[in-house]
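Visitor: I have a structure here, written as structure tokens, and I will follow up with some questions on it.
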2 protein chains.
Amino acid sequence: MTTTANSNRRIIYAKRPTGMPTVDCFQLVTVPMPQPGPGQALVRNDYLSVDPYIRMRMEEKDSYTSVMKVGETLVGRTVGQIVASQIAGFEAGDWVVGRLGWQDYSVAEAADLQKIDIDAAPATAYLGSLGSTGITAWVGLMEFGKPKPGETVLVSAASGAVGSVVGQLARQQGCRVVGIAGGPAKCAVVREEFNFDDCVDYKADTFAADLARAVPQGVDVYFDNVGGPILDAVLPLLNNFARIPLCGLVSQYNATEPYGIKNFRELFNHRVTLRGFVLSDHKDLWPLASKSLAQAYAAGQLKYRESITDGLENAPRAFIDMLHGSNVGKQLVRLRAGA
Amino acid sequence: MTTTANSNRRIIYAKRPTGMPTVDCFQLVTVPMPQPGPGQALVRNDYLSVDPYIRMRMEEKDSYTSVMKVGETLVGRTVGQIVASQIAGFEAGDWVVGRLGWQDYSVAEAADLQKIDIDAAPATAYLGSLGSTGITAWVGLMEFGKPKPGETVLVSAASGAVGSVVGQLARQQGCRVVGIAGGPAKCAVVREEFNFDDCVDYKADTFAADLARAVPQGVDVYFDNVGGPILDAVLPLLNNFARIPLCGLVSQYNATEPYGIKNFRELFNHRVTLRGFVLSDHKDLWPLASKSLAQAYAAGQLKYRESITDGLENAPRAFIDMLHGSNVGKQLVRLRAGA
């Protein structure tokens with residue numbers, strides 16, 4: 001299936017999942033190529049970012065974000081180039097990122113688009129470490145984690161897009177940084193590429209003991225992306241006045257029965273501050289975060305990995321695999337061959 | 001059994017409990033009357049305060065406070081009068097409060113003692129609403145709850161010593177205040193004496209529906225004293241950016257298996273700030289809190305109730321009954337007949 005000048009492909013939300021989504025929750029449709037009107041631009045999307053938060057938008061029940069209706073185009077950020085523009089200040093050829101959805105082409109307005117500098121970093125970095133993923137890591141760590149030099153920062157989903165950035169930023173703050181990831185291969189990447197001091201495999205039978213050994217001074221900041229039993233294992237290791245920036249609970253997004261947190265009382269015993277947060281509440285911090293991340297990248301202190309799947313038609317599978325934890329670093333879908 | 005000039009009675013910690021403490025965890029002993037040395041005073045304790053935190057000190061495992069050793073005198077605050085003093089500035093007849101333990105007489109140093117003004121309020125008030133109980137309520141609500149006029153403040157254990165103060169302070173802040181308490185009688189006291197806008201009976205079969213109906217605008221501050229299933233019922237009712245000052249988890253202190261919090265994810269969905277706190281970390285706030293509470297009391301805006309049990313020998317039973325929730329307001333033990 002190819003996109004012609006007259007047609008556009010998109011993936012629409014076909015069916016609500018129960019538990020883990022399946023490919024029949026998604027449907028690839030071909031629609032006429034959209035035309036930009038006044039104040040609009042047509043964008044060719046080169047890469048699509050698939051992220052855990054999308055799973056939450058697939059729920060019927062209340063969540064932090066508005067839920068998607070069946071029949072809508074899947075939400076997601078893309079990076080691409082403007083093909084035609086009727087927006088002052090945006091021209092054909094400009095590189096942009098935006099939340100333009102799971103589709104080959106999108107029509108967007110100025111407020112939806114942000115220009116990027118592909119000389120400073122590859123375009124895909126603006127979907128990841130230099131984009132909303134990196135900013136999420138920065139805001140959670142710096143604003144709510146408040147790490148101090150010498151403290152221990154523990155990060156779950158440490159090989160993932162957000163976690164890998166958190167650890168590198170925490171190292172720059174002079175912290176001891178320990179990750180939690182699934183399997184020896186991911187742990188090796190976390191230690192060797194992302195430069196964490198240590199990484200513990202939550203799939204190992206010896207997880208609890210391994211974790212305790214990896215944080216001999218206890219945990220001052222737990223940047224949590226997963227919730228569930230891993231959170232329960234971490235709680236007894238918290239130091240007094242620890243902070244937990246709660247960035248997500250990916251272990252729970254597909255759970256049909258929520259996991260009950262047994263060690264909740266540790267939050268009281270250790271006078272912990274826990275803060276749930278989502279990026280969209282903190283737009284005031286984006287410029288500062290972006291600047292800090294760009295500086296770290298330019299200084300070679302911000303490594304990232306991408307897992308790339310080819311073809312819009314394979315985006316549902318890439319998304320589902322990511323929810324299973326198959327990716328390392330940022331999960332992307334390449335929408336244009338050769339991009 | 002009576003105290004003579006030559007002997008003193010105290011209750012020592014005799015046995016660690018499993019689950020709910022029993023009276024054989026405590027032992028009444030008679031010891032020689034202590035004599036104050038240089039820099040010390042002898043205090044006759046008139047009233048003893050028994051509080052949930054003492055249960056935590058009876059545990060073997062790590063808790064926020066140092067645990068008691070078997071054989072030690074039970075910890076607890078008392079109010080009484082100085083009998084003999086070798087401390088400059090403290091004289092026989094002065095009224096004082098201090099953490100002087102479960103005993104008829106105590107020897108104490110200046111740092112252990114705080115003078116009180118029994119013309120401004122009854123002596124027992126300095127163990128309750130004008131003392132550490134009231135200050136706990138003030139610190140939790142004002143420092144971590146940060147209530148704003150028009151917001152909804154929900155308080156568990158609302159008929160208890162801390163909860164009843166929290167609600168009255170929150171009303172003064174211009175909030176809608178809803179309590180949670182056990183049984184219709186306690187709920188009536190919460191509404192009628194402590195002036196809450198509403199109170200919900202957690203023992204009723206219709207608790208969940210009653211609670212939802214009582215907070216039609218959702219919950220902005222949940223001052224939690226109990227944890228467990230009540231917390232789980234509250235979490236889905238939180239508004240975005242809600243705050244949870246976590247003052248205690250009395251429902252869990254005697255649990256042999258901790259209750260698993262199933263709705264933990266709501267903390268993320270609603271970007272909640274949860275903060276465990278204990279009073280001793282916030283001594284800098286005590287003067288301001290004390291002053292605010294004294295002003296509220298003088299203005300008739302701070303009502304309190306006391307449940308009084310007579311006799312040191314009955315303190316263990318009073319403590320156990322309080323853990324079962326039999327008290328309304330502050331649970332005290334009168335140590336001196338006629339005090």
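Following the order of the structure tokens, first chain is A, next is B, and so on, with residues numbered from 1 inside each chain and ligands from 1 in the order they appear.
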Please check the contacts: residues of chain A at most 8 Å away from chain B, using only C-alpha atoms, listed as a PDB file with N, CA, C and O atoms, in the first residue's frame.
Guide:
ATOM      1  N   SER A  63      -9.279   9.183  32.894  1.00  0.00           N
ATOM      2  CA  SER A  63      -7.827   9.114  32.986  1.00  0.00           C
ATOM      3  C   SER A  63      -7.322  10.541  32.998  1.00  0.00           C
ATOM      4  O   SER A  63      -8.094  11.484  33.005  1.00  0.00           O
ATOM      5  N   TYR A  64      -5.998  10.695  33.041  1.00  0.00           N
ATOM      6  CA  TYR A  64      -5.488  12.058  33.129  1.00  0.00           C
ATOM      7  C   TYR A  64      -5.688  12.823  31.839  1.00  0.00           C
ATOM      8  O   TYR A  64      -5.723  14.037  31.830  1.00  0.00           O
ATOM      9  N   GLY A 227       4.923   1.700  38.488  1.00  0.00           N
ATOM     10  CA  GLY A 227       3.975   1.342  39.549  1.00  0.00           C
ATOM     11  C   GLY A 227       4.022  -0.145  39.876  1.00  0.00           C
ATOM     12  O   GLY A 227       5.030  -0.821  39.645  1.00  0.00           O
ATOM     13  N   LEU A 246       6.022  10.611  40.115  1.00  0.00           N
ATOM     14  CA  LEU A 246       5.265   9.485  39.554  1.00  0.00           C
ATOM     15  C   LEU A 246       4.887   9.858  38.131  1.00  0.00           C
ATOM     16  O   LEU A 246       3.970  10.637  37.896  1.00  0.00           O
ATOM     17  N   CYS A 247       5.641   9.304  37.203  1.00  0.00           N
ATOM     18  CA  CYS A 247       5.553   9.696  35.791  1.00  0.00           C
ATOM     19  C   CYS A 247       4.580   8.817  35.021  1.00  0.00           C
ATOM     20  O   CYS A 247       4.100   9.182  33.958  1.00  0.00           O
ATOM     21  N   GLY A 248       4.309   7.639  35.548  1.00  0.00           N
ATOM     22  CA  GLY A 248       3.424   6.710  34.872  1.00  0.00           C
ATOM     23  C   GLY A 248       3.384   5.408  35.632  1.00  0.00           C
ATOM     24  O   GLY A 248       4.136   5.204  36.594  1.00  0.00           O
ATOM     25  N   LEU A 249       2.459   4.541  35.224  1.00  0.00           N
ATOM     26  CA  LEU A 249       2.341   3.224  35.864  1.00  0.00           C
ATOM     27  C   LEU A 249       2.136   2.197  34.772  1.00  0.00           C
ATOM     28  O   LEU A 249       1.098   1.542  34.684  1.00  0.00           O
ATOM     29  N   PRO A 258      -6.356  -3.984  39.172  1.00  0.00           N
ATOM     30  CA  PRO A 258      -5.179  -3.228  39.617  1.00  0.00           C
ATOM     31  C   PRO A 258      -4.428  -3.956  40.727  1.00  0.00           C
ATOM     32  O   PRO A 258      -5.026  -4.642  41.561  1.00  0.00           O
ATOM     33  N   TYR A 259      -3.128  -3.802  40.714  1.00  0.00           N
ATOM     34  CA  TYR A 259      -2.284  -4.350  41.765  1.00  0.00           C
ATOM     35  C   TYR A 259      -2.426  -3.486  43.028  1.00  0.00           C
ATOM     36  O   TYR A 259      -2.366  -2.261  42.946  1.00  0.00           O
ATOM     37  N   GLY A 260      -2.602  -4.110  44.174  1.00  0.00           N
ATOM     38  CA  GLY A 260      -2.718  -3.375  45.440  1.00  0.00           C
ATOM     39  C   GLY A 260      -1.349  -3.127  46.051  1.00  0.00           C
ATOM     40  O   GLY A 260      -0.577  -4.065  46.264  1.00  0.00           O
ATOM     41  N   ILE A 261      -1.038  -1.846  46.322  1.00  0.00           N
ATOM     42  CA  ILE A 261       0.267  -1.477  46.873  1.00  0.00           C
ATOM     43  C   ILE A 261       0.279  -1.775  48.376  1.00  0.00           C
ATOM     44  O   ILE A 261      -0.395  -1.106  49.159  1.00  0.00           O
ATOM     45  N   LYS A 262       1.058  -2.775  48.766  1.00  0.00           N
ATOM     46  CA  LYS A 262       1.042  -3.247  50.154  1.00  0.00           C
ATOM     47  C   LYS A 262       1.900  -2.397  51.083  1.00  0.00           C
ATOM     48  O   LYS A 262       1.607  -2.266  52.271  1.00  0.00           O
ATOM     49  N   ASN A 263       2.964  -1.864  50.552  1.00  0.00           N
ATOM     50  CA  ASN A 263       3.910  -1.131  51.415  1.00  0.00           C
ATOM     51  C   ASN A 263       3.644   0.371  51.436  1.00  0.00           C
ATOM     52  O   ASN A 263       4.549   1.168  51.704  1.00  0.00           O
ATOM     53  N   PHE A 264       2.413   0.709  51.177  1.00  0.00           N
ATOM     54  CA  PHE A 264       2.001   2.119  51.160  1.00  0.00           C
ATOM     55  C   PHE A 264       2.443   2.862  52.419  1.00  0.00           C
ATOM     56  O   PHE A 264       2.832   4.027  52.369  1.00  0.00           O
ATOM     57  N   ARG A 265       2.384   2.160  53.542  1.00  0.00           N
ATOM     58  CA  ARG A 265       2.717   2.783  54.824  1.00  0.00           C
ATOM     59  C   ARG A 265       4.120   3.370  54.873  1.00  0.00           C
ATOM     60  O   ARG A 265       4.394   4.283  55.662  1.00  0.00           O
ATOM     61  N   LEU A 267       5.363   5.285  52.873  1.00  0.00           N
ATOM     62  CA  LEU A 267       5.272   6.700  52.489  1.00  0.00           C
ATOM     63  C   LEU A 267       5.098   7.574  53.722  1.00  0.00           C
ATOM     64  O   LEU A 267       5.580   8.705  53.766  1.00  0.00           O
ATOM     65  N   PHE A 268       4.405   7.038  54.699  1.00  0.00           N
ATOM     66  CA  PHE A 268       4.262   7.750  55.973  1.00  0.00           C
ATOM     67  C   PHE A 268       5.524   7.603  56.820  1.00  0.00           C
ATOM     68  O   PHE A 268       6.094   8.595  57.287  1.00  0.00           O
ATOM     69  N   ASN A 269       5.955   6.369  56.998  1.00  0.00           N
ATOM     70  CA  ASN A 269       7.109   6.131  57.877  1.00  0.00           C
ATOM     71  C   ASN A 269       8.306   6.988  57.496  1.00  0.00           C
ATOM     72  O   ASN A 269       9.021   7.478  58.374  1.00  0.00           O
ATOM     73  N   HIS A 270       8.504   7.145  56.199  1.00  0.00           N
ATOM     74  CA  HIS A 270       9.693   7.878  55.734  1.00  0.00           C
ATOM     75  C   HIS A 270       9.365   9.304  55.289  1.00  0.00           C
ATOM     76  O   HIS A 270      10.197   9.955  54.668  1.00  0.00           O
ATOM     77  N   ARG A 271       8.167   9.742  55.600  1.00  0.00           N
ATOM     78  CA  ARG A 271       7.765  11.136  55.302  1.00  0.00           C
ATOM     79  C   ARG A 271       8.101  11.495  53.856  1.00  0.00           C
ATOM     80  O   ARG A 271       8.783  12.497  53.570  1.00  0.00           O
ATOM     81  N   VAL A 272       7.575  10.658  52.975  1.00  0.00           N
ATOM     82  CA  VAL A 272       7.876  10.769  51.556  1.00  0.00           C
ATOM     83  C   VAL A 272       6.953  11.798  50.908  1.00  0.00           C
ATOM     84  O   VAL A 272       5.815  11.970  51.333  1.00  0.00           O
ATOM     85  N   THR A 273       7.472  12.488  49.896  1.00  0.00           N
ATOM     86  CA  THR A 273       6.634  13.312  49.031  1.00  0.00           C
ATOM     87  C   THR A 273       6.484  12.606  47.699  1.00  0.00           C
ATOM     88  O   THR A 273       7.475  12.370  47.000  1.00  0.00           O
ATOM     89  N   LEU A 274       5.261  12.238  47.364  1.00  0.00           N
ATOM     90  CA  LEU A 274       4.965  11.611  46.080  1.00  0.00           C
ATOM     91  C   LEU A 274       4.170  12.600  45.245  1.00  0.00           C
ATOM     92  O   LEU A 274       3.252  13.243  45.745  1.00  0.00           O
ATOM     93  N   ARG A 275       4.541  12.724  43.977  1.00  0.00           N
ATOM     94  CA  ARG A 275       3.849  13.692  43.121  1.00  0.00           C
ATOM     95  C   ARG A 275       3.595  13.083  41.752  1.00  0.00           C
ATOM     96  O   ARG A 275       4.533  12.794  41.008  1.00  0.00           O
ATOM     97  N   GLY A 276       2.323  12.863  41.437  1.00  0.00           N
ATOM     98  CA  GLY A 276       1.962  12.489  40.075  1.00  0.00           C
ATOM     99  C   GLY A 276       2.100  13.703  39.171  1.00  0.00           C
ATOM    100  O   GLY A 276       1.760  14.808  39.577  1.00  0.00           O
ATOM    101  N   PHE A 277       2.613  13.508  37.968  1.00  0.00           N
ATOM    102  CA  PHE A 277       2.737  14.667  37.078  1.00  0.00           C
ATOM    103  C   PHE A 277       2.601  14.235  35.626  1.00  0.00           C
ATOM    104  O   PHE A 277       2.903  13.102  35.266  1.00  0.00           O
ATOM    105  N   VAL A 278       2.122  15.169  34.821  1.00  0.00           N
ATOM    106  CA  VAL A 278       2.112  14.978  33.367  1.00  0.00           C
ATOM    107  C   VAL A 278       2.651  16.251  32.735  1.00  0.00           C
ATOM    108  O   VAL A 278       2.499  17.349  33.269  1.00  0.00           O
TER     109      VAL A 278
END
Visitor: Any idea what's packed within 9 Å of B:Asp117, counting only C-alpha atoms, ignoring anything in its chain fewer than 6 positions away? Could you give it as a list of chain:residue names?
Guide: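 These residues fall inside the cut-off: B:Trp95, B:Val96, B:Ala123, B:Tyr126.
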Visitor: Report as a list in words all protein, DNA and RNA residues lying within 7 Å of stretch 147-160 of chain B, evaluated on only C-alpha atoms, omitting residues in the same chain fewer than 6 positions from it.
Guide: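 Everything that qualifies: Gly167, Ala170, Gln173, Gly174, Cys175, Arg176, Val177, Val178, Gly179, Ile180, Ala181, Lys186, Val190, Gly218, Val219, Asp220, Val221, Tyr222, Phe223, Asp224, Asn225, Val226, Val328, Gly329 and Lys330 of chain B.
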Visitor: Produce a file of the selected residues containing N, CA, C and O atoms, as a JSON list (two decimals), in the first residue's frame.
Guide:
[["chain", "number", "residue", "atom", "x", "y", "z"],
["B", 167, "GLY", "N", -10.77, 19.74, 60.73],
["B", 167, "GLY", "CA", -12.00, 20.22, 60.13],
["B", 167, "GLY", "C", -12.32, 21.65, 60.53],
["B", 167, "GLY", "O", -12.72, 22.47, 59.68],
["B", 170, "ALA", "N", -10.02, 24.01, 58.78],
["B", 170, "ALA", "CA", -10.34, 24.11, 57.35],
["B", 170, "ALA", "C", -11.58, 24.97, 57.12],
["B", 170, "ALA", "O", -11.66, 25.73, 56.15],
["B", 173, "GLN", "N", -10.69, 28.41, 57.02],
["B", 173, "GLN", "CA", -10.05, 28.79, 55.76],
["B", 173, "GLN", "C", -11.07, 28.98, 54.64],
["B", 173, "GLN", "O", -10.69, 29.21, 53.49],
["B", 174, "GLY", "N", -12.34, 28.81, 54.96],
["B", 174, "GLY", "CA", -13.36, 29.01, 53.94],
["B", 174, "GLY", "C", -13.60, 27.81, 53.05],
["B", 174, "GLY", "O", -14.09, 27.94, 51.93],
["B", 175, "CYS", "N", -13.28, 26.62, 53.56],
["B", 175, "CYS", "CA", -13.45, 25.40, 52.77],
["B", 175, "CYS", "C", -14.76, 24.70, 53.11],
["B", 175, "CYS", "O", -15.30, 24.87, 54.20],
["B", 176, "ARG", "N", -15.23, 23.90, 52.17],
["B", 176, "ARG", "CA", -16.27, 22.92, 52.49],
["B", 176, "ARG", "C", -15.56, 21.74, 53.15],
["B", 176, "ARG", "O", -14.59, 21.20, 52.61],
["B", 177, "VAL", "N", -16.06, 21.33, 54.33],
["B", 177, "VAL", "CA", -15.34, 20.33, 55.12],
["B", 177, "VAL", "C", -16.24, 19.12, 55.35],
["B", 177, "VAL", "O", -17.35, 19.25, 55.88],
["B", 178, "VAL", "N", -15.74, 17.97, 54.95],
["B", 178, "VAL", "CA", -16.48, 16.72, 55.10],
["B", 178, "VAL", "C", -15.63, 15.76, 55.92],
["B", 178, "VAL", "O", -14.43, 15.62, 55.66],
["B", 179, "GLY", "N", -16.26, 15.12, 56.88],
["B", 179, "GLY", "CA", -15.57, 14.14, 57.70],
["B", 179, "GLY", "C", -15.94, 12.72, 57.34],
["B", 179, "GLY", "O", -16.97, 12.48, 56.70],
["B", 180, "ILE", "N", -15.11, 11.79, 57.77],
["B", 180, "ILE", "CA", -15.42, 10.37, 57.71],
["B", 180, "ILE", "C", -15.24, 9.85, 59.14],
["B", 180, "ILE", "O", -14.20, 10.11, 59.76],
["B", 181, "ALA", "N", -16.25, 9.17, 59.66],
["B", 181, "ALA", "CA", -16.17, 8.64, 61.03],
["B", 181, "ALA", "C", -16.96, 7.34, 61.10],
["B", 181, "ALA", "O", -17.68, 6.99, 60.16],
["B", 186, "LYS", "N", -20.91, 9.19, 66.16],
["B", 186, "LYS", "CA", -19.71, 9.99, 65.90],
["B", 186, "LYS", "C", -19.96, 11.00, 64.79],
["B", 186, "LYS", "O", -19.51, 12.16, 64.86],
["B", 190, "VAL", "N", -19.44, 15.10, 64.85],
["B", 190, "VAL", "CA", -18.60, 15.78, 63.85],
["B", 190, "VAL", "C", -19.37, 16.93, 63.20],
["B", 190, "VAL", "O", -18.85, 18.04, 63.05],
["B", 218, "GLY", "N", -15.87, 17.03, 44.24],
["B", 218, "GLY", "CA", -14.61, 16.30, 44.37],
["B", 218, "GLY", "C", -13.85, 16.74, 45.61],
["B", 218, "GLY", "O", -14.32, 17.57, 46.40],
["B", 219, "VAL", "N", -12.66, 16.18, 45.79],
["B", 219, "VAL", "CA", -11.86, 16.41, 46.99],
["B", 219, "VAL", "C", -10.55, 17.10, 46.60],
["B", 219, "VAL", "O", -9.81, 16.61, 45.76],
["B", 220, "ASP", "N", -10.29, 18.23, 47.23],
["B", 220, "ASP", "CA", -9.04, 18.97, 46.94],
["B", 220, "ASP", "C", -7.95, 18.66, 47.96],
["B", 220, "ASP", "O", -6.77, 18.65, 47.63],
["B", 221, "VAL", "N", -8.37, 18.44, 49.21],
["B", 221, "VAL", "CA", -7.42, 18.04, 50.26],
["B", 221, "VAL", "C", -8.01, 16.85, 50.99],
["B", 221, "VAL", "O", -9.16, 16.91, 51.45],
["B", 222, "TYR", "N", -7.26, 15.77, 51.06],
["B", 222, "TYR", "CA", -7.69, 14.64, 51.89],
["B", 222, "TYR", "C", -6.68, 14.49, 53.02],
["B", 222, "TYR", "O", -5.56, 14.05, 52.80],
["B", 223, "PHE", "N", -7.10, 14.89, 54.21],
["B", 223, "PHE", "CA", -6.23, 14.75, 55.38],
["B", 223, "PHE", "C", -6.47, 13.35, 55.92],
["B", 223, "PHE", "O", -7.52, 13.06, 56.48],
["B", 224, "ASP", "N", -5.47, 12.49, 55.74],
["B", 224, "ASP", "CA", -5.70, 11.07, 56.05],
["B", 224, "ASP", "C", -5.02, 10.65, 57.34],
["B", 224, "ASP", "O", -3.82, 10.82, 57.51],
["B", 225, "ASN", "N", -5.82, 10.07, 58.20],
["B", 225, "ASN", "CA", -5.32, 9.50, 59.46],
["B", 225, "ASN", "C", -5.38, 7.98, 59.48],
["B", 225, "ASN", "O", -4.92, 7.37, 60.46],
["B", 226, "VAL", "N", -5.99, 7.36, 58.46],
["B", 226, "VAL", "CA", -6.34, 5.94, 58.61],
["B", 226, "VAL", "C", -5.74, 5.02, 57.55],
["B", 226, "VAL", "O", -5.50, 3.84, 57.83],
["B", 328, "VAL", "N", -14.25, 9.46, 71.45],
["B", 328, "VAL", "CA", -14.57, 10.63, 70.62],
["B", 328, "VAL", "C", -13.66, 11.73, 71.11],
["B", 328, "VAL", "O", -13.53, 11.98, 72.31],
["B", 329, "GLY", "N", -12.99, 12.39, 70.19],
["B", 329, "GLY", "CA", -12.04, 13.43, 70.58],
["B", 329, "GLY", "C", -10.81, 12.81, 71.22],
["B", 329, "GLY", "O", -10.42, 11.67, 70.93],
["B", 330, "LYS", "N", -10.22, 13.58, 72.10],
["B", 330, "LYS", "CA", -8.93, 13.20, 72.69],
["B", 330, "LYS", "C", -9.11, 12.14, 73.77],
["B", 330, "LYS", "O", -9.91, 12.33, 74.69]]
Visitor: Could you name the residues that touch stretch 15-23 of chain B at 12 Å or less, counting only C-alpha atoms, but leaving out those on the same chain fewer than 3 positions away, as an MDAnalysis selection string?
Guide: chainID B and resid 11:12 26:28 52 54:61 67:72 74 250:258 313:324
Visitor: Within 6 Å of B:Arg9, counting only C-alpha atoms, which residues show up once you throw out same-chain ones fewer than 4 positions away? Write them as a list in words, please.
Guide: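 Counting only C-alpha atoms, the residues come to Val29, Thr30, Gln103 and Asp104 of chain B.
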Visitor: Using DSSP secondary structure from the backbone, list all strand (DSSP E) positions within stretch 5-204 of chain A, as a count of residues only.
Guide: 58
Visitor: Write out as a ChimeraX atom specification all residues of stretch 77-236 of chain A that backbone DSSP assigns to helix (DSSP H, G or I).
Guide: /A:110-112,123-126,132-145,161-172,184-192,207-214,228-236
Visitor: What's the separation between atom CA of B:Leu141 and atom CA of B:Ile118, in Å to one decimal place?
Guide: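 Going from atom CA of B:Leu141 over to atom CA of B:Ile118, I get 26.5 Å.
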Visitor: Quick one: distance from atom CA of A:Thr124 to atom CA of A:Leu279 in Å, one decimal?
Guide: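 One can read the atom CA of A:Thr124 to atom CA of A:Leu279 distance as 19.2 Å.
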